[in-house]
$ cat start.pdb   # PDB, C-alpha atoms
ATOM      1  CA  GLU A 607    -156.549-190.618  76.723  1.00  0.00           C
ATOM      2  CA  LEU A 608    -158.711-191.847  79.556  1.00  0.00           C
ATOM      3  CA  LYS A 609    -159.973-195.405  79.237  1.00  0.00           C
ATOM      4  CA  VAL A 610    -162.708-196.859  81.418  1.00  0.00           C
ATOM      5  CA  GLU A 611    -163.121-200.614  81.654  1.00  0.00           C
ATOM      6  CA  GLN A 612    -165.962-202.421  83.314  1.00  0.00           C
ATOM      7  CA  ASN A 613    -166.108-206.080  84.127  1.00  0.00           C
ATOM      8  CA  PRO A 614    -167.858-208.259  83.735  1.00  0.00           C
ATOM      9  CA  LEU A 615    -169.784-207.016  80.687  1.00  0.00           C
ATOM     10  CA  PHE A 616    -172.499-209.613  81.241  1.00  0.00           C
ATOM     11  CA  LEU A 617    -173.603-210.966  84.579  1.00  0.00           C
ATOM     12  CA  SER A 618    -176.291-213.525  85.235  1.00  0.00           C
ATOM     13  CA  MET A 619    -177.038-214.205  88.862  1.00  0.00           C
ATOM     14  CA  GLN A 620    -179.654-215.797  91.035  1.00  0.00           C
ATOM     15  CA  GLU A 621    -181.913-213.922  93.354  1.00  0.00           C
ATOM     16  CA  GLY A 622    -180.496-213.688  96.842  1.00  0.00           C
ATOM     17  CA  LYS A 623    -176.872-213.828  95.770  1.00  0.00           C
ATOM     18  CA  ASN A 624    -174.174-211.169  96.123  1.00  0.00           C
ATOM     19  CA  TYR A 625    -171.887-209.911  93.408  1.00  0.00           C
ATOM     20  CA  THR A 626    -169.540-207.043  92.537  1.00  0.00           C
ATOM     21  CA  ILE A 627    -169.118-205.069  89.316  1.00  0.00           C
ATOM     22  CA  TYR A 628    -165.723-203.485  88.766  1.00  0.00           C
ATOM     23  CA  CYS A 629    -164.826-200.222  87.052  1.00  0.00           C
ATOM     24  CA  ASN A 630    -161.167-199.502  86.304  1.00  0.00           C
ATOM     25  CA  TYR A 631    -159.905-196.293  84.768  1.00  0.00           C
ATOM     26  CA  SER A 632    -156.547-195.313  83.365  1.00  0.00           C
ATOM     27  CA  THR A 633    -155.778-191.742  84.459  1.00  0.00           C
ATOM     28  CA  THR A 634    -156.193-189.567  87.512  1.00  0.00           C
ATOM     29  CA  SER A 635    -159.720-188.720  88.490  1.00  0.00           C
ATOM     30  CA  ASP A 636    -161.586-187.901  91.646  1.00  0.00           C
ATOM     31  CA  ARG A 637    -165.112-188.010  90.287  1.00  0.00           C
ATOM     32  CA  LEU A 638    -166.863-191.186  89.358  1.00  0.00           C
ATOM     33  CA  TYR A 639    -170.502-191.775  88.545  1.00  0.00           C
ATOM     34  CA  TRP A 640    -172.702-194.859  88.382  1.00  0.00           C
ATOM     35  CA  TYR A 641    -175.805-195.004  86.213  1.00  0.00           C
ATOM     36  CA  ARG A 642    -178.533-197.536  85.592  1.00  0.00           C
ATOM     37  CA  GLN A 643    -180.238-198.078  82.231  1.00  0.00           C
ATOM     38  CA  ASP A 644    -183.352-200.194  81.715  1.00  0.00           C
ATOM     39  CA  PRO A 645    -183.948-201.625  78.210  1.00  0.00           C
ATOM     40  CA  GLY A 646    -185.017-198.918  75.778  1.00  0.00           C
ATOM     41  CA  LYS A 647    -184.803-196.245  78.457  1.00  0.00           C
ATOM     42  CA  SER A 648    -182.496-193.411  79.379  1.00  0.00           C
ATOM     43  CA  LEU A 649    -179.820-193.353  82.064  1.00  0.00           C
ATOM     44  CA  GLU A 650    -180.727-192.878  85.706  1.00  0.00           C
ATOM     45  CA  SER A 651    -178.141-191.517  88.104  1.00  0.00           C
ATOM     46  CA  LEU A 652    -177.338-193.876  90.985  1.00  0.00           C
ATOM     47  CA  PHE A 653    -174.228-192.594  92.738  1.00  0.00           C
ATOM     48  CA  VAL A 654    -171.732-189.755  92.605  1.00  0.00           C
ATOM     49  CA  LEU A 655    -168.374-190.551  94.220  1.00  0.00           C
ATOM     50  CA  LEU A 656    -166.165-187.534  94.766  1.00  0.00           C
ATOM     51  CA  SER A 657    -163.190-188.578  96.842  1.00  0.00           C
ATOM     52  CA  ASN A 658    -160.897-191.424  97.706  1.00  0.00           C
ATOM     53  CA  GLY A 659    -162.567-193.842 100.056  1.00  0.00           C
ATOM     54  CA  ALA A 660    -166.060-192.578  99.274  1.00  0.00           C
ATOM     55  CA  VAL A 661    -168.771-195.146  99.889  1.00  0.00           C
ATOM     56  CA  LYS A 662    -172.439-194.702  99.115  1.00  0.00           C
ATOM     57  CA  GLN A 663    -175.334-197.087  99.589  1.00  0.00           C
ATOM     58  CA  GLU A 664    -178.871-197.155  98.306  1.00  0.00           C
ATOM     59  CA  GLY A 665    -180.946-200.211  99.051  1.00  0.00           C
ATOM     60  CA  ARG A 666    -179.157-203.337  97.815  1.00  0.00           C
ATOM     61  CA  LEU A 667    -176.487-201.364  95.933  1.00  0.00           C
ATOM     62  CA  MET A 668    -173.274-200.018  97.417  1.00  0.00           C
ATOM     63  CA  ALA A 669    -170.620-198.120  95.473  1.00  0.00           C
ATOM     64  CA  SER A 670    -167.073-197.316  96.519  1.00  0.00           C
ATOM     65  CA  LEU A 671    -164.118-195.451  95.082  1.00  0.00           C
ATOM     66  CA  ASP A 672    -160.386-196.041  95.463  1.00  0.00           C
ATOM     67  CA  THR A 673    -158.640-193.258  93.546  1.00  0.00           C
ATOM     68  CA  LYS A 674    -155.181-194.640  94.241  1.00  0.00           C
ATOM     69  CA  ALA A 675    -156.058-197.958  92.631  1.00  0.00           C
ATOM     70  CA  ARG A 676    -158.205-196.163  90.011  1.00  0.00           C
ATOM     71  CA  LEU A 677    -161.003-198.541  90.835  1.00  0.00           C
ATOM     72  CA  SER A 678    -164.652-198.283  91.712  1.00  0.00           C
ATOM     73  CA  THR A 679    -166.895-201.153  92.701  1.00  0.00           C
ATOM     74  CA  LEU A 680    -170.661-201.566  92.644  1.00  0.00           C
ATOM     75  CA  HIS A 681    -171.672-204.266  95.088  1.00  0.00           C
ATOM     76  CA  ILE A 682    -175.024-205.972  94.867  1.00  0.00           C
ATOM     77  CA  THR A 683    -176.394-207.563  98.013  1.00  0.00           C
ATOM     78  CA  ALA A 684    -179.100-210.229  97.945  1.00  0.00           C
ATOM     79  CA  ALA A 685    -180.067-209.501  94.351  1.00  0.00           C
ATOM     80  CA  VAL A 686    -183.705-209.233  93.317  1.00  0.00           C
ATOM     81  CA  HIS A 687    -185.216-209.368  89.832  1.00  0.00           C
ATOM     82  CA  ASP A 688    -185.905-205.606  89.826  1.00  0.00           C
ATOM     83  CA  LEU A 689    -182.167-204.958  89.737  1.00  0.00           C
ATOM     84  CA  SER A 690    -181.941-206.435  86.236  1.00  0.00           C
ATOM     85  CA  ALA A 691    -180.586-203.597  84.052  1.00  0.00           C
ATOM     86  CA  THR A 692    -177.383-202.326  82.482  1.00  0.00           C
ATOM     87  CA  TYR A 693    -175.055-200.459  84.831  1.00  0.00           C
ATOM     88  CA  PHE A 694    -172.561-197.895  83.579  1.00  0.00           C
ATOM     89  CA  CYS A 695    -169.705-196.220  85.336  1.00  0.00           C
ATOM     90  CA  ALA A 696    -168.415-192.893  84.045  1.00  0.00           C
ATOM     91  CA  VAL A 697    -165.279-190.988  84.966  1.00  0.00           C
ATOM     92  CA  LEU A 698    -164.485-187.287  84.780  1.00  0.00           C
ATOM     93  CA  PRO A 699    -160.781-186.888  83.945  1.00  0.00           C
ATOM     94  CA  HIS A 700    -158.746-184.717  86.273  1.00  0.00           C
ATOM     95  CA  GLN A 701    -157.450-182.575  83.415  1.00  0.00           C
ATOM     96  CA  GLY A 702    -157.939-178.928  84.297  1.00  0.00           C
ATOM     97  CA  GLY A 703    -161.225-177.734  82.929  1.00  0.00           C
ATOM     98  CA  SER A 704    -162.232-181.008  81.288  1.00  0.00           C
ATOM     99  CA  GLU A 705    -165.932-181.583  81.584  1.00  0.00           C
ATOM    100  CA  LYS A 706    -166.133-184.619  79.317  1.00  0.00           C
ATOM    101  CA  LEU A 707    -167.333-187.788  81.007  1.00  0.00           C
ATOM    102  CA  VAL A 708    -165.893-191.034  79.713  1.00  0.00           C
ATOM    103  CA  PHE A 709    -168.225-194.017  80.006  1.00  0.00           C
ATOM    104  CA  GLY A 710    -167.505-197.699  80.380  1.00  0.00           C
ATOM    105  CA  LYS A 711    -169.260-200.120  78.037  1.00  0.00           C
ATOM    106  CA  GLY A 712    -171.717-201.150  80.700  1.00  0.00           C
ATOM    107  CA  THR A 713    -172.476-204.329  82.629  1.00  0.00           C
ATOM    108  CA  LYS A 714    -175.706-206.065  81.692  1.00  0.00           C
ATOM    109  CA  LEU A 715    -177.090-207.656  84.828  1.00  0.00           C
ATOM    110  CA  THR A 716    -179.762-210.324  84.709  1.00  0.00           C
ATOM    111  CA  VAL A 717    -181.188-211.560  88.002  1.00  0.00           C
ATOM    112  CA  ASN A 718    -182.939-214.913  87.681  1.00  0.00           C
ATOM    113  CA  PRO A 719    -185.564-216.270  90.094  1.00  0.00           C
TER     114      PRO A 719
ATOM    115  CA  ASP B1030    -191.525-179.939  87.292  1.00  0.00           C
ATOM    116  CA  GLY B1031    -187.880-179.455  86.401  1.00  0.00           C
ATOM    117  CA  GLY B1032    -186.356-181.787  83.884  1.00  0.00           C
ATOM    118  CA  ILE B1033    -184.959-182.508  80.451  1.00  0.00           C
ATOM    119  CA  THR B1034    -187.208-183.220  77.499  1.00  0.00           C
ATOM    120  CA  GLN B1035    -186.284-184.664  74.137  1.00  0.00           C
ATOM    121  CA  SER B1036    -188.427-184.887  71.055  1.00  0.00           C
ATOM    122  CA  PRO B1037    -189.439-186.768  69.135  1.00  0.00           C
ATOM    123  CA  LYS B1038    -189.219-190.086  70.940  1.00  0.00           C
ATOM    124  CA  TYR B1039    -188.936-191.982  67.647  1.00  0.00           C
ATOM    125  CA  LEU B1040    -187.707-190.544  64.347  1.00  0.00           C
ATOM    126  CA  PHE B1041    -187.425-192.105  60.930  1.00  0.00           C
ATOM    127  CA  ARG B1042    -185.184-190.606  58.315  1.00  0.00           C
ATOM    128  CA  LYS B1043    -184.751-191.322  54.665  1.00  0.00           C
ATOM    129  CA  GLU B1044    -181.234-191.437  53.337  1.00  0.00           C
ATOM    130  CA  GLY B1045    -180.006-188.013  52.281  1.00  0.00           C
ATOM    131  CA  GLN B1046    -182.243-186.116  54.690  1.00  0.00           C
ATOM    132  CA  ASN B1047    -181.171-183.840  57.511  1.00  0.00           C
ATOM    133  CA  VAL B1048    -183.126-184.210  60.746  1.00  0.00           C
ATOM    134  CA  THR B1049    -183.089-182.187  63.948  1.00  0.00           C
ATOM    135  CA  LEU B1050    -183.471-183.631  67.430  1.00  0.00           C
ATOM    136  CA  SER B1051    -184.760-181.349  70.139  1.00  0.00           C
ATOM    137  CA  CYS B1052    -183.419-181.095  73.687  1.00  0.00           C
ATOM    138  CA  GLU B1053    -184.846-178.664  76.240  1.00  0.00           C
ATOM    139  CA  GLN B1054    -184.115-178.272  79.952  1.00  0.00           C
ATOM    140  CA  ASN B1055    -185.638-176.078  82.630  1.00  0.00           C
ATOM    141  CA  LEU B1056    -183.076-176.910  85.303  1.00  0.00           C
ATOM    142  CA  ASN B1057    -181.087-173.723  84.719  1.00  0.00           C
ATOM    143  CA  HIS B1058    -178.018-175.806  83.906  1.00  0.00           C
ATOM    144  CA  ASP B1059    -175.243-174.118  81.958  1.00  0.00           C
ATOM    145  CA  ALA B1060    -173.726-177.191  80.322  1.00  0.00           C
ATOM    146  CA  MET B1061    -175.479-179.547  77.926  1.00  0.00           C
ATOM    147  CA  TYR B1062    -174.285-182.649  76.089  1.00  0.00           C
ATOM    148  CA  TRP B1063    -175.297-184.925  73.227  1.00  0.00           C
ATOM    149  CA  TYR B1064    -174.418-188.621  73.217  1.00  0.00           C
ATOM    150  CA  ARG B1065    -174.968-191.462  70.833  1.00  0.00           C
ATOM    151  CA  GLN B1066    -175.583-195.029  71.994  1.00  0.00           C
ATOM    152  CA  ASP B1067    -175.443-198.022  69.696  1.00  0.00           C
ATOM    153  CA  PRO B1068    -176.969-201.380  70.689  1.00  0.00           C
ATOM    154  CA  GLY B1069    -175.013-203.055  73.459  1.00  0.00           C
ATOM    155  CA  GLN B1070    -172.555-200.190  73.650  1.00  0.00           C
ATOM    156  CA  GLY B1071    -171.681-197.383  75.987  1.00  0.00           C
ATOM    157  CA  LEU B1072    -172.199-193.698  75.296  1.00  0.00           C
ATOM    158  CA  ARG B1073    -170.094-191.689  72.883  1.00  0.00           C
ATOM    159  CA  LEU B1074    -169.933-187.899  73.053  1.00  0.00           C
ATOM    160  CA  ILE B1075    -171.040-185.991  69.946  1.00  0.00           C
ATOM    161  CA  TYR B1076    -171.026-182.330  71.015  1.00  0.00           C
ATOM    162  CA  TYR B1077    -171.181-180.379  74.235  1.00  0.00           C
ATOM    163  CA  SER B1078    -171.805-176.799  75.246  1.00  0.00           C
ATOM    164  CA  GLN B1079    -170.742-175.212  78.505  1.00  0.00           C
ATOM    165  CA  ILE B1080    -172.308-171.828  77.845  1.00  0.00           C
ATOM    166  CA  VAL B1081    -174.729-170.122  75.480  1.00  0.00           C
ATOM    167  CA  ASN B1082    -173.343-169.402  71.996  1.00  0.00           C
ATOM    168  CA  ASP B1083    -170.407-171.751  72.514  1.00  0.00           C
ATOM    169  CA  PHE B1084    -169.984-175.473  71.864  1.00  0.00           C
ATOM    170  CA  GLN B1085    -167.217-178.010  71.319  1.00  0.00           C
ATOM    171  CA  LYS B1086    -166.864-181.172  69.302  1.00  0.00           C
ATOM    172  CA  GLY B1087    -166.857-184.453  71.112  1.00  0.00           C
ATOM    173  CA  ASP B1088    -165.348-187.718  69.980  1.00  0.00           C
ATOM    174  CA  ILE B1089    -167.710-188.410  67.060  1.00  0.00           C
ATOM    175  CA  ALA B1090    -168.831-184.985  65.759  1.00  0.00           C
ATOM    176  CA  GLU B1091    -168.516-185.715  62.045  1.00  0.00           C
ATOM    177  CA  GLY B1092    -171.902-185.611  60.322  1.00  0.00           C
ATOM    178  CA  TYR B1093    -173.574-183.728  63.180  1.00  0.00           C
ATOM    179  CA  SER B1094    -174.148-180.060  63.971  1.00  0.00           C
ATOM    180  CA  VAL B1095    -175.512-178.173  66.977  1.00  0.00           C
ATOM    181  CA  SER B1096    -176.494-174.693  68.097  1.00  0.00           C
ATOM    182  CA  ARG B1097    -176.861-173.110  71.517  1.00  0.00           C
ATOM    183  CA  GLU B1098    -178.775-169.876  71.129  1.00  0.00           C
ATOM    184  CA  LYS B1099    -180.630-170.228  74.415  1.00  0.00           C
ATOM    185  CA  LYS B1100    -179.574-171.671  77.753  1.00  0.00           C
ATOM    186  CA  GLU B1101    -182.568-173.989  77.776  1.00  0.00           C
ATOM    187  CA  SER B1102    -182.138-175.479  74.317  1.00  0.00           C
ATOM    188  CA  PHE B1103    -179.447-177.530  72.569  1.00  0.00           C
ATOM    189  CA  PRO B1104    -180.766-179.012  69.302  1.00  0.00           C
ATOM    190  CA  LEU B1105    -178.773-181.611  67.364  1.00  0.00           C
ATOM    191  CA  THR B1106    -178.944-181.892  63.576  1.00  0.00           C
ATOM    192  CA  VAL B1107    -178.026-185.196  62.003  1.00  0.00           C
ATOM    193  CA  THR B1108    -176.901-184.346  58.501  1.00  0.00           C
ATOM    194  CA  SER B1109    -176.807-186.479  55.378  1.00  0.00           C
ATOM    195  CA  ALA B1110    -173.041-186.655  55.856  1.00  0.00           C
ATOM    196  CA  GLN B1111    -173.538-188.997  58.818  1.00  0.00           C
ATOM    197  CA  LYS B1112    -173.323-192.352  57.099  1.00  0.00           C
ATOM    198  CA  ASN B1113    -174.681-194.559  59.859  1.00  0.00           C
ATOM    199  CA  PRO B1114    -177.052-192.473  61.979  1.00  0.00           C
ATOM    200  CA  THR B1115    -179.326-195.220  63.270  1.00  0.00           C
ATOM    201  CA  ALA B1116    -178.850-195.088  67.042  1.00  0.00           C
ATOM    202  CA  PHE B1117    -180.298-193.945  70.356  1.00  0.00           C
ATOM    203  CA  TYR B1118    -179.508-190.284  71.035  1.00  0.00           C
ATOM    204  CA  LEU B1119    -179.318-188.962  74.582  1.00  0.00           C
ATOM    205  CA  CYS B1120    -179.144-185.369  75.721  1.00  0.00           C
ATOM    206  CA  ALA B1121    -177.851-184.441  79.160  1.00  0.00           C
ATOM    207  CA  SER B1122    -177.425-181.328  81.242  1.00  0.00           C
ATOM    208  CA  VAL B1123    -175.044-180.866  84.117  1.00  0.00           C
ATOM    209  CA  THR B1124    -175.404-179.442  87.593  1.00  0.00           C
ATOM    210  CA  SER B1125    -172.967-176.729  88.483  1.00  0.00           C
ATOM    211  CA  GLY B1126    -170.697-176.865  91.485  1.00  0.00           C
ATOM    212  CA  ASN B1127    -168.642-179.720  92.803  1.00  0.00           C
ATOM    213  CA  TYR B1128    -170.895-182.580  91.770  1.00  0.00           C
ATOM    214  CA  ASN B1129    -170.992-181.924  87.999  1.00  0.00           C
ATOM    215  CA  GLU B1130    -173.642-184.602  87.834  1.00  0.00           C
ATOM    216  CA  GLN B1131    -175.161-185.285  84.410  1.00  0.00           C
ATOM    217  CA  PHE B1132    -178.915-185.757  84.161  1.00  0.00           C
ATOM    218  CA  PHE B1133    -180.254-187.386  81.033  1.00  0.00           C
ATOM    219  CA  GLY B1134    -183.325-186.817  78.929  1.00  0.00           C
ATOM    220  CA  PRO B1135    -185.528-189.739  77.815  1.00  0.00           C
ATOM    221  CA  GLY B1136    -183.762-190.123  74.468  1.00  0.00           C
ATOM    222  CA  THR B1137    -184.652-190.146  70.774  1.00  0.00           C
ATOM    223  CA  ARG B1138    -184.414-193.334  68.745  1.00  0.00           C
ATOM    224  CA  LEU B1139    -183.431-192.506  65.161  1.00  0.00           C
ATOM    225  CA  THR B1140    -183.843-195.048  62.387  1.00  0.00           C
ATOM    226  CA  VAL B1141    -182.729-194.617  58.800  1.00  0.00           C
ATOM    227  CA  LEU B1142    -185.077-196.194  56.295  1.00  0.00           C
TER     228      LEU B1142
END
$ encode --input "start.pdb" --output "C-alpha cells"
Amino acid sequence: ELKVEQNPLFLSMQEGKNYTIYCNYSTTSDRLYWYRQDPGKSLESLFVLLSNGAVKQEGRLMASLDTKARLSTLHITAAVHDLSATYFCAVLPHQGGSEKLVFGKGTKLTVNP
Amino acid sequence: DGGITQSPKYLFRKEGQNVTLSCEQNLNHDAMYWYRQDPGQGLRLIYYSQIVNDFQKGDIAEGYSVSREKKESFPLTVTSAQKNPTAFYLCASVTSGNYNEQFFGPGTRLTVL
C-alpha cells in the first residue's frame, strides 16, 4: 500500500525567508502532484511532475521530483503572506491501471509579517 | 466556461436521513472521483468512476453510494448507514492522456444536526 508523508505538517515562517516542504512516498511512482488549499476552499492544482528530475517553477514556488529517492520538494523563496495556505502532495502509484491518487496529510503554511 | 460544479455548497442533515450531493462537469472528462476531507486532514477516496455506468469503491465507501448514468454527472448519496458524515466533500474529474491531472469542484460542506 502506497504511503505518502509530508513534513513538516505545520510551518510558520517570516516574510522574506526561504523554506522547503518535503513529500516522501513509499512505492514506485512517476507522477506527483502539488495542490494548494485555502481555508474553507477547494484544492487548486499547482504542479504536475511526470519524470525523474522534473522541476517546475511558478512565482515563488518551485517543485522538484526525484523518483529514485521517492521524494518531491516544494521550495518557497522569499515568502509573502499570500502564500499562507495548506499544501498537499499527491502520488499516483505505478501499479498498472491504477488511477487512485494518494494524498499526503498536507502542510499548513503560515507566513507572518 | 468549462469547469466542475458541486451543489449545494452547504448541507444540513438530520440523523437517519439520506442526502445526495451533486457533481457536474462540462470538461468532457471520463473519470470522476469523490473525496472526503475532515478538519486538518488530507483527502480520502470514497468512490471513483472511470467510465459511464461503471464505478469502483475507494478506501472509505461504506455508508455511501454513487451512480454514473451520464458522463457529466457523478452524484454521491450519503446514507443513514454512514455514522459520522460531517465533513467537506470534494468531487474531481481527471484529464485524459499522460497528465491525469485531477481538477476539483468547490466542495460541499455537510453537517449532521
$ resolve_selection --input "start.pdb" --expression "the PyMOL selection byres ((chain B and resi 1102-1106) around 8)" --output "list in words"
Asn1047, Val1048, Thr1049, Leu1050, Ser1051, Cys1052, Glu1053, Gln1054, Met1061, Trp1063, Tyr1093, Ser1094, Val1095, Ser1096, Arg1097, Glu1098, Lys1099, Lys1100, Glu1101, Val1107 and Thr1108 of chain B
$ residues_around --input "start.pdb" --residues "Tyr639 of chain A" --least-positions-apart "6" --cutoff "7 Å" --atoms "all atoms listed in the file" --output "JSON, numbers by chain"
{"A": [653, 654, 655, 695, 696, 697]}
$ closest_atom_pairs --input "start.pdb" --of "chain A" --to "chain B" --cutoff "10 Å" --atoms "all atoms listed in the file" --output "tab-separated table"
residue	atom	partner	partner_atom	distance
A:Leu615	CA	B:Gly1069	CA	9.8
A:Arg637	CA	B:Tyr1128	CA	8.1
A:Leu638	CA	B:Glu1130	CA	9.6
A:Tyr639	CA	B:Glu1130	CA	7.9
A:Tyr641	CA	B:Gln1131	CA	9.9
A:Gly646	CA	B:Phe1117	CA	8.7
A:Lys647	CA	B:Pro1135	CA	6.6
A:Ser648	CA	B:Pro1135	CA	5.0
A:Leu649	CA	B:Phe1133	CA	6.1
A:Glu650	CA	B:Phe1133	CA	7.2
A:Ser651	CA	B:Phe1132	CA	7.0
A:Phe653	CA	B:Glu1130	CA	9.4
A:Val654	CA	B:Tyr1128	CA	7.3
A:Leu655	CA	B:Tyr1128	CA	8.7
A:Leu656	CA	B:Tyr1128	CA	7.5
A:Thr692	CA	B:Gly1069	CA	9.4
A:Tyr693	CA	B:Gly1071	CA	10.0
A:Phe694	CA	B:Gly1071	CA	7.7
A:Cys695	CA	B:Gly1071	CA	9.6
A:Ala696	CA	B:Leu1072	CA	9.6
A:Leu698	CA	B:Asn1129	CA	9.0
A:Glu705	CA	B:Asn1129	CA	8.2
A:Lys706	CA	B:Leu1074	CA	8.0
A:Leu707	CA	B:Leu1074	CA	8.4
A:Val708	CA	B:Arg1073	CA	8.0
A:Phe709	CA	B:Leu1072	CA	6.2
A:Gly710	CA	B:Gly1071	CA	6.1
A:Lys711	CA	B:Gly1071	CA	4.2
A:Gly712	CA	B:Gly1071	CA	6.0
A:Thr713	CA	B:Gly1069	CA	9.6
A:Lys714	CA	B:Gly1069	CA	8.8
$ atom_distance --input "start.pdb" --atom1 "atom CA of Ala1110 of chain B" --atom2 "atom CA of Ile1089 of chain B"
12.5 Å
$ atom_distance --input "start.pdb" --atom1 "atom CA of Gln1066 of chain B" --atom2 "atom CA of Thr1115 of chain B"
9.5 Å
$ resolve_selection --input "start.pdb" --expression "the PyMOL selection byres ((chain A and resi 624) around 12)" --output "list in words"
Leu617, Ser618, Met619, Gln620, Glu621, Gly622, Lys623, Tyr625, Thr626, Ile627, Arg666, Leu667, Met668, Leu680, His681, Ile682, Thr683, Ala684, Ala685, Val686, Leu689 and Val717 of chain A
$ resolve_selection --input "start.pdb" --expression "the PyMOL selection byres ((chain A and resi 660) around 9)" --output "list of chain:residue names"
A:Leu655, A:Leu656, A:Ser657, A:Asn658, A:Gly659, A:Val661, A:Lys662, A:Ala669, A:Ser670, A:Leu671, A:Asp672
$ write_last_selection --input "start.pdb" --atoms "C-alpha atoms" --output "PDB file, keeping the file's coordinate frame"
ATOM      1  CA  LEU A 655    -168.374-190.551  94.220  1.00  0.00           C
ATOM      2  CA  LEU A 656    -166.165-187.534  94.766  1.00  0.00           C
ATOM      3  CA  SER A 657    -163.190-188.578  96.842  1.00  0.00           C
ATOM      4  CA  ASN A 658    -160.897-191.424  97.706  1.00  0.00           C
ATOM      5  CA  GLY A 659    -162.567-193.842 100.056  1.00  0.00           C
ATOM      6  CA  VAL A 661    -168.771-195.146  99.889  1.00  0.00           C
ATOM      7  CA  LYS A 662    -172.439-194.702  99.115  1.00  0.00           C
ATOM      8  CA  ALA A 669    -170.620-198.120  95.473  1.00  0.00           C
ATOM      9  CA  SER A 670    -167.073-197.316  96.519  1.00  0.00           C
ATOM     10  CA  LEU A 671    -164.118-195.451  95.082  1.00  0.00           C
ATOM     11  CA  ASP A 672    -160.386-196.041  95.463  1.00  0.00           C
TER      12      ASP A 672
END
$ atom_distance --input "start.pdb" --atom1 "atom CA of Gly665 of chain A" --atom2 "atom CA of Leu1056 of chain B"
27.1 Å
$ closest_residue --input "start.pdb" --among "B:Tyr1064, B:Ile1075, B:Asn1055, B:Asn1113" --to "Lys1043 of chain B" --atoms "all atoms listed in the file"
B:Asn1113
$ decode --input "start.pdb" --residues "segment 618-623 of chain A" --atoms "all heavy atoms" --output "mmCIF file, in the first residue's frame"
data_model
loop_
_atom_site.group_PDB
_atom_site.id
_atom_site.type_symbol
_atom_site.label_atom_id
_atom_site.label_comp_id
_atom_site.auth_asym_id
_atom_site.auth_seq_id
_atom_site.Cartn_x
_atom_site.Cartn_y
_atom_site.Cartn_z
ATOM 1 N N SER A 618 5.508 27.733 10.240
ATOM 2 C CA SER A 618 5.307 29.154 10.434
ATOM 3 C C SER A 618 6.604 29.861 10.067
ATOM 4 O O SER A 618 7.660 29.522 10.597
ATOM 5 C CB SER A 618 4.932 29.449 11.893
ATOM 6 O OG SER A 618 4.725 30.828 12.079
ATOM 7 N N MET A 619 6.516 30.780 9.134
ATOM 8 C CA MET A 619 7.741 31.434 8.688
ATOM 9 C C MET A 619 7.516 32.924 8.503
ATOM 10 O O MET A 619 6.375 33.384 8.372
ATOM 11 C CB MET A 619 8.250 30.805 7.401
ATOM 12 C CG MET A 619 7.277 30.787 6.257
ATOM 13 S SD MET A 619 7.824 29.758 4.868
ATOM 14 C CE MET A 619 9.328 30.559 4.370
ATOM 15 N N GLN A 620 8.612 33.640 8.473
ATOM 16 C CA GLN A 620 8.529 35.085 8.302
ATOM 17 C C GLN A 620 8.577 35.428 6.823
ATOM 18 O O GLN A 620 9.180 34.719 6.005
ATOM 19 C CB GLN A 620 9.689 35.763 9.019
ATOM 20 C CG GLN A 620 9.547 35.801 10.532
ATOM 21 C CD GLN A 620 10.650 36.627 11.165
ATOM 22 O OE1 GLN A 620 11.825 36.451 10.840
ATOM 23 N NE2 GLN A 620 10.278 37.507 12.065
ATOM 24 N N GLU A 621 7.962 36.526 6.512
ATOM 25 C CA GLU A 621 8.061 37.035 5.144
ATOM 26 C C GLU A 621 9.523 37.228 4.770
ATOM 27 O O GLU A 621 10.342 37.634 5.598
ATOM 28 C CB GLU A 621 7.305 38.361 5.013
ATOM 29 C CG GLU A 621 5.803 38.186 4.884
ATOM 30 C CD GLU A 621 5.089 39.477 4.496
ATOM 31 O OE1 GLU A 621 5.556 40.553 4.884
ATOM 32 O OE2 GLU A 621 4.051 39.387 3.799
ATOM 33 N N GLY A 622 9.833 36.906 3.538
ATOM 34 C CA GLY A 622 11.186 37.096 3.033
ATOM 35 C C GLY A 622 12.096 35.906 3.208
ATOM 36 O O GLY A 622 13.173 35.844 2.604
ATOM 37 N N LYS A 623 11.669 34.937 3.997
ATOM 38 C CA LYS A 623 12.506 33.766 4.243
ATOM 39 C C LYS A 623 12.239 32.672 3.217
ATOM 40 O O LYS A 623 11.211 32.655 2.542
ATOM 41 C CB LYS A 623 12.246 33.211 5.650
ATOM 42 C CG LYS A 623 12.568 34.188 6.766
ATOM 43 C CD LYS A 623 14.044 34.467 6.864
ATOM 44 C CE LYS A 623 14.359 35.310 8.082
ATOM 45 N NZ LYS A 623 15.811 35.658 8.155
#
